>>> print(open('final34.tsv').read())   # TSV, C-alpha atoms and all ligand atoms
chain	number	residue	atom	x	y	z
A	1	MET	CA	56.62	-8.26	-13.44
A	2	VAL	CA	54.72	-9.78	-10.58
A	3	ARG	CA	53.63	-6.32	-9.55
A	4	PHE	CA	52.53	-5.58	-13.10
A	5	TYR	CA	50.37	-8.68	-13.20
A	6	LEU	CA	48.89	-7.78	-9.84
A	7	ILE	CA	47.89	-4.38	-11.15
A	8	ILE	CA	46.26	-5.95	-14.19
A	9	LEU	CA	44.42	-8.38	-11.94
A	10	ALA	CA	43.23	-5.52	-9.71
A	11	VAL	CA	41.97	-3.56	-12.73
A	12	ALA	CA	40.22	-6.67	-14.05
A	13	LEU	CA	38.54	-7.25	-10.67
A	14	CYS	CA	37.38	-3.64	-10.50
A	15	ARG	CA	35.91	-3.91	-13.97
A	16	ALA	CA	34.09	-7.11	-13.03
A	17	SER	CA	32.60	-5.60	-9.89
A	18	ALA	CA	31.71	-2.37	-11.73
A	19	GLN	CA	29.62	-4.44	-14.11
A	20	LYS	CA	27.64	-5.74	-11.15
A	21	LEU	CA	26.84	-2.28	-9.78
A	22	PHE	CA	23.27	-1.05	-9.98
A	23	PRO	CA	22.67	1.89	-12.31
A	24	ASP	CA	22.89	5.35	-10.73
A	25	ASN	CA	19.14	5.91	-11.01
A	26	PHE	CA	18.29	2.56	-9.35
A	27	LYS	CA	16.31	3.15	-6.16
A	28	PHE	CA	16.46	0.75	-3.26
A	29	GLY	CA	13.26	0.50	-1.27
A	30	ALA	CA	11.52	-1.21	1.58
A	31	ALA	CA	7.89	-2.29	1.72
A	32	THR	CA	5.17	-3.01	4.27
A	33	ALA	CA	1.41	-3.48	4.48
A	34	ALA	CA	-0.92	-1.66	6.90
A	35	TYR	CA	-2.35	-4.69	8.70
A	36	GLN	CA	1.09	-6.26	9.07
A	37	ILE	CA	2.70	-3.30	10.84
A	38	GLU	CA	0.26	-0.68	12.14
A	39	GLY	CA	-1.48	-2.27	15.12
A	40	ALA	CA	-3.87	0.19	16.86
A	41	TRP	CA	-6.65	-1.98	15.43
A	42	ASP	CA	-9.49	-0.19	17.24
A	43	GLU	CA	-8.05	3.27	17.88
A	44	ASP	CA	-8.97	6.77	16.71
A	45	GLY	CA	-12.18	5.72	14.99
A	46	LYS	CA	-10.83	2.93	12.79
A	47	GLY	CA	-13.49	0.51	11.52
A	48	ILE	CA	-13.20	-3.28	11.61
A	49	ASN	CA	-11.70	-4.93	8.53
A	50	ILE	CA	-11.73	-8.52	7.31
A	51	TRP	CA	-8.31	-9.28	8.82
A	52	ASP	CA	-9.47	-8.09	12.26
A	53	THR	CA	-12.44	-10.43	11.95
A	54	PHE	CA	-10.37	-13.32	10.58
A	55	THR	CA	-7.63	-13.25	13.21
A	56	HIS	CA	-10.19	-12.81	16.00
A	57	THR	CA	-12.06	-15.94	14.87
A	58	ALA	CA	-10.93	-19.04	16.81
A	59	GLY	CA	-9.30	-21.67	14.64
A	60	LYS	CA	-8.28	-19.40	11.77
A	61	ILE	CA	-4.73	-18.64	12.96
A	62	ARG	CA	-2.68	-21.54	14.31
A	63	ASP	CA	-1.18	-19.74	17.32
A	64	ASN	CA	-4.10	-17.31	17.75
A	65	SER	CA	-1.85	-14.36	16.98
A	66	THR	CA	-3.38	-11.16	15.59
A	67	GLY	CA	-2.30	-7.83	14.13
A	68	ASP	CA	-3.90	-5.93	17.02
A	69	VAL	CA	-0.53	-4.44	17.97
A	70	ALA	CA	1.82	-5.79	15.26
A	71	SER	CA	4.95	-3.59	15.05
A	72	ASP	CA	2.93	-0.68	16.48
A	73	SER	CA	3.88	1.48	13.51
A	74	TYR	CA	0.72	3.54	14.00
A	75	HIS	CA	2.36	4.97	17.12
A	76	LYS	CA	6.01	4.53	16.14
A	77	TYR	CA	6.01	5.73	12.54
A	78	LYS	CA	8.67	8.36	13.22
A	79	GLU	CA	10.99	5.71	14.63
A	80	ASP	CA	10.27	3.54	11.59
A	81	VAL	CA	11.12	6.36	9.21
A	82	ALA	CA	14.38	6.91	11.11
A	83	ILE	CA	15.18	3.20	10.68
A	84	LEU	CA	14.42	3.45	6.94
A	85	LYS	CA	16.78	6.39	6.68
A	86	ASP	CA	19.43	4.46	8.55
A	87	LEU	CA	18.99	1.58	6.08
A	88	GLY	CA	19.69	4.04	3.27
A	89	VAL	CA	16.56	3.32	1.23
A	90	LYS	CA	15.20	5.97	-1.09
A	91	LEU	CA	11.67	4.60	-1.50
A	92	TYR	CA	9.18	3.31	1.01
A	93	ARG	CA	6.13	1.41	-0.11
A	94	PHE	CA	3.32	1.15	2.44
A	95	SER	CA	-0.43	0.66	2.27
A	96	ILE	CA	-3.37	2.73	3.46
A	97	SER	CA	-5.84	1.01	5.77
A	98	TRP	CA	-9.19	1.58	4.07
A	99	SER	CA	-11.21	1.05	7.28
A	100	ARG	CA	-8.99	3.50	9.13
A	101	ILE	CA	-9.89	6.47	6.96
A	102	MET	CA	-13.40	5.25	5.97
A	103	PRO	CA	-14.64	3.10	8.86
A	104	ASP	CA	-17.45	1.38	6.92
A	105	GLY	CA	-15.63	1.61	3.60
A	106	ARG	CA	-17.79	4.34	2.10
A	107	PRO	CA	-17.11	8.05	1.73
A	108	TYR	CA	-20.09	9.27	3.79
A	109	SER	CA	-18.11	9.22	7.01
A	110	ILE	CA	-14.45	10.09	6.67
A	111	ASN	CA	-12.15	9.77	9.63
A	112	GLN	CA	-10.00	12.89	9.44
A	113	ALA	CA	-7.77	11.81	12.35
A	114	ASP	CA	-6.42	8.95	10.28
A	115	ILE	CA	-6.12	10.91	7.07
A	116	ASP	CA	-3.88	13.17	9.16
A	117	TYR	CA	-1.88	10.11	10.25
A	118	TYR	CA	-1.01	9.24	6.64
A	119	VAL	CA	-0.31	12.86	5.70
A	120	ASN	CA	2.08	13.08	8.65
A	121	LEU	CA	3.77	9.81	7.65
A	122	VAL	CA	4.24	11.01	4.08
A	123	LYS	CA	5.64	14.36	5.23
A	124	GLU	CA	8.03	12.59	7.61
A	125	LEU	CA	9.29	10.43	4.73
A	126	ILE	CA	9.80	13.39	2.41
A	127	GLU	CA	11.62	15.36	5.09
A	128	ASN	CA	13.98	12.40	5.40
A	129	ASP	CA	14.56	12.20	1.65
A	130	ILE	CA	12.54	9.00	1.19
A	131	GLU	CA	9.92	8.90	-1.54
A	132	PRO	CA	6.48	7.58	-0.54
A	133	PHE	CA	5.10	4.75	-2.70
A	134	VAL	CA	1.48	4.17	-1.75
A	135	THR	CA	-0.52	0.95	-2.06
A	136	LEU	CA	-4.25	1.70	-1.92
A	137	TYR	CA	-5.29	-1.82	-0.96
A	138	HIS	CA	-3.23	-4.52	0.71
A	139	TRP	CA	-5.94	-7.05	1.66
A	140	ASP	CA	-7.72	-5.35	4.60
A	141	LEU	CA	-11.23	-4.75	3.24
A	142	PRO	CA	-13.63	-2.92	5.58
A	143	GLN	CA	-15.84	-5.57	7.18
A	144	TYR	CA	-19.04	-3.72	6.24
A	145	LEU	CA	-18.16	-4.03	2.54
A	146	GLU	CA	-17.42	-7.73	3.04
A	147	ASP	CA	-20.88	-8.09	4.59
A	148	LEU	CA	-22.23	-6.67	1.31
A	149	GLY	CA	-20.37	-9.36	-0.64
A	150	GLY	CA	-16.82	-7.97	-0.62
A	151	TRP	CA	-14.90	-8.62	-3.82
A	152	LEU	CA	-17.78	-10.73	-5.15
A	153	ASN	CA	-20.09	-7.71	-5.24
A	154	PRO	CA	-19.85	-5.89	-8.61
A	155	ARG	CA	-20.37	-2.57	-6.79
A	156	ILE	CA	-16.96	-3.01	-5.15
A	157	ALA	CA	-15.39	-1.20	-8.14
A	158	ASP	CA	-17.42	1.93	-7.33
A	159	TYR	CA	-16.66	1.68	-3.62
A	160	PHE	CA	-12.97	1.30	-4.41
A	161	GLY	CA	-13.10	4.29	-6.75
A	162	ASP	CA	-14.73	6.43	-4.05
A	163	TYR	CA	-12.05	5.37	-1.60
A	164	ALA	CA	-9.22	6.00	-4.08
A	165	ARG	CA	-10.55	9.51	-4.69
A	166	VAL	CA	-10.40	10.31	-0.97
A	167	VAL	CA	-6.80	9.06	-0.76
A	168	TYR	CA	-5.70	10.87	-3.93
A	169	THR	CA	-7.24	14.09	-2.62
A	170	ALA	CA	-5.38	13.83	0.69
A	171	LEU	CA	-2.02	12.47	-0.49
A	172	GLY	CA	-1.94	13.37	-4.18
A	173	PRO	CA	0.14	16.52	-3.67
A	174	TYR	CA	2.93	14.47	-2.04
A	175	VAL	CA	2.88	11.11	-3.82
A	176	ASN	CA	4.16	10.22	-7.29
A	177	TYR	CA	3.95	6.43	-7.13
A	178	TRP	CA	0.75	4.46	-6.60
A	179	VAL	CA	-0.16	0.78	-6.50
A	180	THR	CA	-3.89	0.02	-6.72
A	181	ILE	CA	-4.40	-3.54	-5.43
A	182	ASN	CA	-1.64	-5.73	-4.00
A	183	GLU	CA	-1.57	-9.31	-5.38
A	184	PRO	CA	-5.26	-9.69	-6.26
A	185	SER	CA	-4.69	-13.25	-7.48
A	186	THR	CA	-3.55	-14.26	-3.99
A	187	THR	CA	-6.56	-12.83	-2.17
A	188	CYS	CA	-9.00	-14.13	-4.78
A	189	VAL	CA	-7.63	-17.69	-4.76
A	190	LEU	CA	-6.74	-17.99	-1.06
A	191	GLY	CA	-9.39	-15.62	0.36
A	192	TYR	CA	-12.45	-16.49	-1.75
A	193	GLY	CA	-11.44	-19.92	-3.09
A	194	GLN	CA	-9.49	-21.91	-0.51
A	195	GLY	CA	-10.43	-19.95	2.61
A	196	ILE	CA	-6.85	-19.74	3.92
A	197	LEU	CA	-6.74	-15.92	3.99
A	198	ALA	CA	-9.42	-13.41	5.01
A	199	PRO	CA	-12.34	-13.40	4.43
A	200	GLY	CA	-12.04	-17.20	4.54
A	201	LYS	CA	-14.58	-18.04	1.81
A	202	THR	CA	-14.40	-21.44	0.11
A	203	LEU	CA	-15.94	-20.67	-3.27
A	204	ILE	CA	-13.44	-22.31	-5.60
A	205	GLY	CA	-14.45	-21.56	-9.17
A	206	ASP	CA	-17.21	-18.94	-9.23
A	207	GLY	CA	-15.94	-17.04	-6.17
A	208	VAL	CA	-12.40	-16.79	-7.46
A	209	TYR	CA	-13.61	-15.75	-10.91
A	210	LEU	CA	-15.95	-13.03	-9.63
A	211	CYS	CA	-13.26	-11.71	-7.28
A	212	ALA	CA	-10.75	-11.54	-10.13
A	213	GLN	CA	-13.21	-9.83	-12.48
A	214	ASN	CA	-14.23	-7.26	-9.87
A	215	SER	CA	-10.59	-6.62	-8.89
A	216	LEU	CA	-9.79	-5.78	-12.51
A	217	LYS	CA	-12.75	-3.40	-12.68
A	218	ALA	CA	-11.78	-1.78	-9.38
A	219	HIS	CA	-8.20	-1.31	-10.58
A	220	ALA	CA	-9.45	0.26	-13.82
A	221	LYS	CA	-11.80	2.56	-11.92
A	222	ALA	CA	-9.07	3.81	-9.57
A	223	TYR	CA	-6.67	4.27	-12.48
A	224	ARG	CA	-9.15	6.28	-14.56
A	225	ILE	CA	-10.12	8.47	-11.61
A	226	TYR	CA	-6.48	9.39	-11.13
A	227	GLU	CA	-5.97	9.94	-14.84
A	228	THR	CA	-9.04	12.12	-15.38
A	229	GLU	CA	-9.44	13.96	-12.07
A	230	PHE	CA	-5.92	14.26	-10.65
A	231	LYS	CA	-3.31	14.08	-13.41
A	232	PRO	CA	-4.60	17.22	-15.21
A	233	LEU	CA	-4.29	19.06	-11.91
A	234	THR	CA	-0.63	18.08	-11.75
A	235	TYR	CA	-0.07	19.63	-15.18
A	236	PHE	CA	-2.01	22.68	-14.12
A	237	VAL	CA	0.23	23.19	-11.12
A	238	VAL	CA	3.33	22.76	-13.30
A	239	PHE	CA	2.05	25.38	-15.76
A	240	GLY	CA	1.11	27.66	-12.90
A	241	PHE	CA	4.67	27.40	-11.70
A	242	LEU	CA	6.20	28.01	-15.12
A	243	TYR	CA	4.17	31.11	-15.90
A	301	LIG	C1	-6.20	-20.69	20.56
A	301	LIG	O1	-7.49	-20.37	21.06
A	301	LIG	C2	-8.32	-21.50	21.24
A	301	LIG	C3	-9.72	-20.99	21.60
A	301	LIG	O2	-9.67	-20.03	22.61
A	301	LIG	C4	-7.70	-22.42	22.29
A	301	LIG	O3	-8.50	-23.57	22.47
A	301	LIG	C5	-6.30	-22.83	21.82
A	301	LIG	O4	-5.66	-23.58	22.83
A	301	LIG	C6	-5.47	-21.61	21.49
A	301	LIG	N1	-4.21	-22.05	20.87
A	301	LIG	C7	-3.03	-21.57	21.25
A	301	LIG	C8	-1.84	-22.10	20.54
A	301	LIG	O5	-2.91	-20.73	22.12
>>> encode(input="final34.tsv", output="structure tokens")
Amino acid sequence: MVRFYLIILAVALCRASAQKLFPDNFKFGAATAAYQIEGAWDEDGKGINIWDTFTHTAGKIRDNSTGDVASDSYHKYKEDVAILKDLGVKLYRFSISWSRIMPDGRPYSINQADIDYYVNLVKELIENDIEPFVTLYHWDLPQYLEDLGGWLNPRIADYFGDYARVVYTALGPYVNYWVTINEPSTTCVLGYGQGILAPGKTLIGDGVYLCAQNSLKAHAKAYRIYETEFKPLTYFVVFGFLY
């Protein structure tokens, strides 16, 4: 009888833990941001961005630390992918450094060396059975665009669209998941309102509002460019394959 009860208890425990399992199609992931991990802040033709400027300005960071080297993922990306594989994650979200592939933020001078870097990273992930999940913008605006007003300049939506198009062209064939702008409310409030994050503007009210409005327009622009210029191509390739 005792044994019988034990079996019932074991079955009940299994049921309880089964209910807490994630569904089969649930994908565990890990996430980073370019400035936080890449380092190599002035290598291979990368332009200066607002976080380079901010951390290099005395008094902005309490211990004067910078992302100049960070986790050195720019050089160690293969090691990092191996660590991701070891962790068992199936998705990796990372961001593209705008000023790395377009040093002044505009598409007139494209830095092919760093486009190659991201293509290699994506291929390394796919070869290791990890799906790339790409964030277009995680806070590191090219300094030249900031000098033109940054997220307060209504033209930022067009600049962002031009940039997105370059990234979609390079990585579109490999990437199924995209994030446009990471946490715009944080950068607008803390970057353009309270001055705690780059670019360190203290324009509470108007600055935050303009940043938010232009972020929404930039998101919409990048979304529509993907939808109209890149999604049909995906269908085309699928049909080409089927017939
Ligand atoms: C940071 O840099 C400033 C200016 O060079 C210096 O006065 C200060 O002592 C530094 N702080 C730390 C924690 O190193």
>>> residues_near_ligand(input="final34.tsv", ligand="ligand LIG 301 (chain A)", cutoff="12 Å", atoms="all atoms listed in the file", output="list in words")
Thr55, His56, Thr57, Ala58, Gly59, Lys60, Ile61, Arg62, Asp63, Asn64, Ser65 and Thr66 of chain A
>>> closest_residue(input="final34.tsv", among="A:Pro132, A:Leu141, A:Asn176, A:Gly47", to="Ile156 of chain A", atoms="all atoms listed in the file")
A:Leu141
>>> residues_around(input="final34.tsv", residues="segment 31-40 of chain A", least_positions_apart="3", cutoff="6 Å", atoms="all atoms listed in the file", output="list in words")
Glu43, Gly67, Asp68, Val69, Ala70, Ser71, Asp72, Ser73, Tyr74, Tyr92, Arg93, Phe94, Ser95 and Ser97 of chain A
>>> axis_aligned_box(input="final34.tsv", around="segment 34-46 of chain A", padding_each_side="5 Å", output="lines of an AutoDock Vina configuration file")
center_x = -4.7
center_y = 0.3
center_z = 12.4
size_x = 24.9
size_y = 23.0
size_z = 21.0
>>> closest_residue(input="final34.tsv", among="A:Tyr163, A:Tyr192, A:Tyr168, A:Tyr117", to="Gly149 of chain A", atoms="all atoms listed in the file")
A:Tyr192
>>> closest_residue(input="final34.tsv", among="A:Leu171, A:Val134, A:Leu121, A:Cys211", to="His75 of chain A", atoms="all atoms listed in the file")
A:Leu121
>>> residues_around(input="final34.tsv", residues="Ile204 of chain A", least_positions_apart="5", cutoff="9 Å", atoms="all atoms listed in the file", output="number ranges by chain")
A: 189, 192-194, 209
>>> write_last_selection(input="final34.tsv", atoms="C-alpha atoms", output="compact mmCIF listing (two decimals), in the frame of the given file")
# COMPACT_ATOMS: atom_id res chain seq x y z
CA VAL A 189 -7.63 -17.69 -4.76
CA TYR A 192 -12.45 -16.49 -1.75
CA GLY A 193 -11.44 -19.92 -3.09
CA GLN A 194 -9.49 -21.91 -0.51
CA TYR A 209 -13.61 -15.75 -10.91
>>> residues_around(input="final34.tsv", residues="Tyr137 of chain A", least_positions_apart="2", cutoff="6 Å", atoms="all atoms listed in the file", output="PDB file with C-alpha atoms, in the frame of the given file")
ATOM      1  CA  THR A 135      -0.520   0.950  -2.060  1.00  0.00           C
ATOM      2  CA  TRP A 139      -5.940  -7.050   1.660  1.00  0.00           C
ATOM      3  CA  ILE A 181      -4.400  -3.540  -5.430  1.00  0.00           C
TER       4      ILE A 181
END
>>> atom_distance(input="final34.tsv", atom1="atom CA of Asn49 of chain A", atom2="atom CA of Trp151 of chain A")
13.3 Å
>>> closest_residue(input="final34.tsv", among="A:Asp129, A:Asp52, A:Glu124, A:Asp104", to="Val89 of chain A", atoms="only C-alpha atoms")
A:Asp129
>>> atom_distance(input="final34.tsv", atom1="atom CA of His138 of chain A", atom2="atom CA of Ser215 of chain A")
12.3 Å
>>> residues_around(input="final34.tsv", residues="Gln112 of chain A", least_positions_apart="3", cutoff="7 Å", atoms="all atoms listed in the file", output="count of residues only")
3
>>> residues_around(input="final34.tsv", residues="Tyr144 of chain A", least_positions_apart="6", cutoff="12 Å", atoms="all atoms listed in the file", output="PDB file with C-alpha atoms, in the coordinates of the input")
ATOM      1  CA  GLY A  47     -13.490   0.510  11.520  1.00  0.00           C
ATOM      2  CA  ILE A  48     -13.200  -3.280  11.610  1.00  0.00           C
ATOM      3  CA  ASN A  49     -11.700  -4.930   8.530  1.00  0.00           C
ATOM      4  CA  ILE A  50     -11.730  -8.520   7.310  1.00  0.00           C
ATOM      5  CA  THR A  53     -12.440 -10.430  11.950  1.00  0.00           C
ATOM      6  CA  TRP A  98      -9.190   1.580   4.070  1.00  0.00           C
ATOM      7  CA  SER A  99     -11.210   1.050   7.280  1.00  0.00           C
ATOM      8  CA  MET A 102     -13.400   5.250   5.970  1.00  0.00           C
ATOM      9  CA  PRO A 103     -14.640   3.100   8.860  1.00  0.00           C
ATOM     10  CA  ASP A 104     -17.450   1.380   6.920  1.00  0.00           C
ATOM     11  CA  GLY A 105     -15.630   1.610   3.600  1.00  0.00           C
ATOM     12  CA  ARG A 106     -17.790   4.340   2.100  1.00  0.00           C
ATOM     13  CA  GLY A 150     -16.820  -7.970  -0.620  1.00  0.00           C
ATOM     14  CA  TRP A 151     -14.900  -8.620  -3.820  1.00  0.00           C
ATOM     15  CA  ILE A 156     -16.960  -3.010  -5.150  1.00  0.00           C
ATOM     16  CA  TYR A 159     -16.660   1.680  -3.620  1.00  0.00           C
ATOM     17  CA  PRO A 199     -12.340 -13.400   4.430  1.00  0.00           C
TER      18      PRO A 199
END
>>> closest_residue(input="final34.tsv", among="A:Asp206, A:Glu79, A:Glu183, A:Asp162", to="Ala218 of chain A", atoms="all atoms listed in the file")
A:Asp162
>>> closest_residue(input="final34.tsv", among="A:Pro173, A:Gly191, A:Pro154, A:Gly29", to="Val119 of chain A", atoms="all atoms listed in the file")
A:Pro173
>>> atom_distance(input="final34.tsv", atom1="atom CA of Tyr177 of chain A", atom2="atom CA of His219 of chain A")
14.8 Å
>>> decode(input="final34.tsv", residues="segment 99-110 of chain A", atoms="all heavy atoms", output="compact mmCIF listing (two decimals), in the first residue's frame")
# COMPACT_ATOMS: atom_id res chain seq x y z
N SER A 99 27.41 52.98 -37.17
CA SER A 99 28.61 53.72 -37.59
C SER A 99 29.74 52.78 -38.02
O SER A 99 30.77 53.22 -38.53
CB SER A 99 29.10 54.64 -36.47
OG SER A 99 29.55 53.90 -35.37
N ARG A 100 29.55 51.48 -37.79
CA ARG A 100 30.56 50.53 -38.27
C ARG A 100 30.38 50.31 -39.78
O ARG A 100 31.36 50.29 -40.52
CB ARG A 100 30.43 49.19 -37.51
CG ARG A 100 31.74 48.43 -37.39
CD ARG A 100 31.57 47.15 -36.62
NE ARG A 100 31.74 47.26 -35.18
CZ ARG A 100 32.87 47.56 -34.56
NH1 ARG A 100 33.96 47.82 -35.22
NH2 ARG A 100 32.93 47.63 -33.25
N ILE A 101 29.13 50.15 -40.20
CA ILE A 101 28.94 49.87 -41.63
C ILE A 101 28.70 51.14 -42.45
O ILE A 101 28.87 51.12 -43.66
CB ILE A 101 27.83 48.83 -41.88
CG1 ILE A 101 26.46 49.34 -41.44
CG2 ILE A 101 28.14 47.52 -41.19
CD1 ILE A 101 25.36 48.42 -41.93
N MET A 102 28.29 52.24 -41.78
CA MET A 102 28.15 53.53 -42.48
C MET A 102 28.78 54.58 -41.57
O MET A 102 28.09 55.14 -40.71
CB MET A 102 26.67 53.82 -42.74
CG MET A 102 26.10 52.90 -43.82
SD MET A 102 24.32 52.65 -43.77
CE MET A 102 23.74 54.27 -44.17
N PRO A 103 30.07 54.84 -41.73
CA PRO A 103 30.82 55.63 -40.75
C PRO A 103 30.21 56.99 -40.41
O PRO A 103 30.27 57.41 -39.24
CB PRO A 103 32.19 55.79 -41.40
CG PRO A 103 32.31 54.56 -42.27
CD PRO A 103 30.93 54.28 -42.78
N ASP A 104 29.59 57.69 -41.37
CA ASP A 104 28.94 58.95 -41.00
C ASP A 104 27.41 58.80 -40.98
O ASP A 104 26.68 59.77 -40.94
CB ASP A 104 29.40 60.12 -41.90
CG ASP A 104 28.83 60.03 -43.32
OD1 ASP A 104 28.05 59.09 -43.62
OD2 ASP A 104 29.17 60.91 -44.13
N GLY A 105 26.95 57.57 -41.04
CA GLY A 105 25.51 57.32 -40.89
C GLY A 105 24.73 57.35 -42.18
O GLY A 105 23.55 57.04 -42.20
N ARG A 106 25.38 57.74 -43.28
CA ARG A 106 24.65 57.85 -44.54
C ARG A 106 25.20 56.85 -45.56
O ARG A 106 26.33 56.38 -45.42
CB ARG A 106 24.72 59.29 -45.04
CG ARG A 106 24.02 60.23 -44.05
CD ARG A 106 24.24 61.66 -44.42
NE ARG A 106 25.64 61.93 -44.62
CZ ARG A 106 26.12 62.95 -45.33
NH1 ARG A 106 25.29 63.79 -45.89
NH2 ARG A 106 27.41 63.12 -45.46
N PRO A 107 24.38 56.53 -46.57
CA PRO A 107 24.75 55.41 -47.44
C PRO A 107 25.76 55.75 -48.53
O PRO A 107 26.01 54.92 -49.39
CB PRO A 107 23.41 55.00 -48.05
CG PRO A 107 22.60 56.23 -48.05
CD PRO A 107 23.05 57.06 -46.87
N TYR A 108 26.34 56.97 -48.49
CA TYR A 108 27.26 57.34 -49.58
C TYR A 108 28.61 56.68 -49.43
O TYR A 108 29.34 56.50 -50.40
CB TYR A 108 27.39 58.86 -49.66
CG TYR A 108 26.05 59.54 -49.63
CD1 TYR A 108 25.73 60.47 -48.64
CD2 TYR A 108 25.09 59.20 -50.57
CE1 TYR A 108 24.47 61.05 -48.61
CE2 TYR A 108 23.83 59.78 -50.53
CZ TYR A 108 23.52 60.71 -49.54
OH TYR A 108 22.29 61.27 -49.49
N SER A 109 28.97 56.35 -48.18
CA SER A 109 30.22 55.60 -48.00
C SER A 109 29.92 54.41 -47.12
O SER A 109 29.59 54.53 -45.95
CB SER A 109 31.29 56.49 -47.36
OG SER A 109 30.86 56.92 -46.09
N ILE A 110 29.96 53.24 -47.73
CA ILE A 110 29.64 52.01 -47.01
C ILE A 110 30.93 51.26 -46.74
O ILE A 110 31.79 51.15 -47.62
CB ILE A 110 28.63 51.17 -47.83
CG1 ILE A 110 27.29 51.92 -47.84
CG2 ILE A 110 28.46 49.77 -47.24
CD1 ILE A 110 26.20 51.25 -48.60
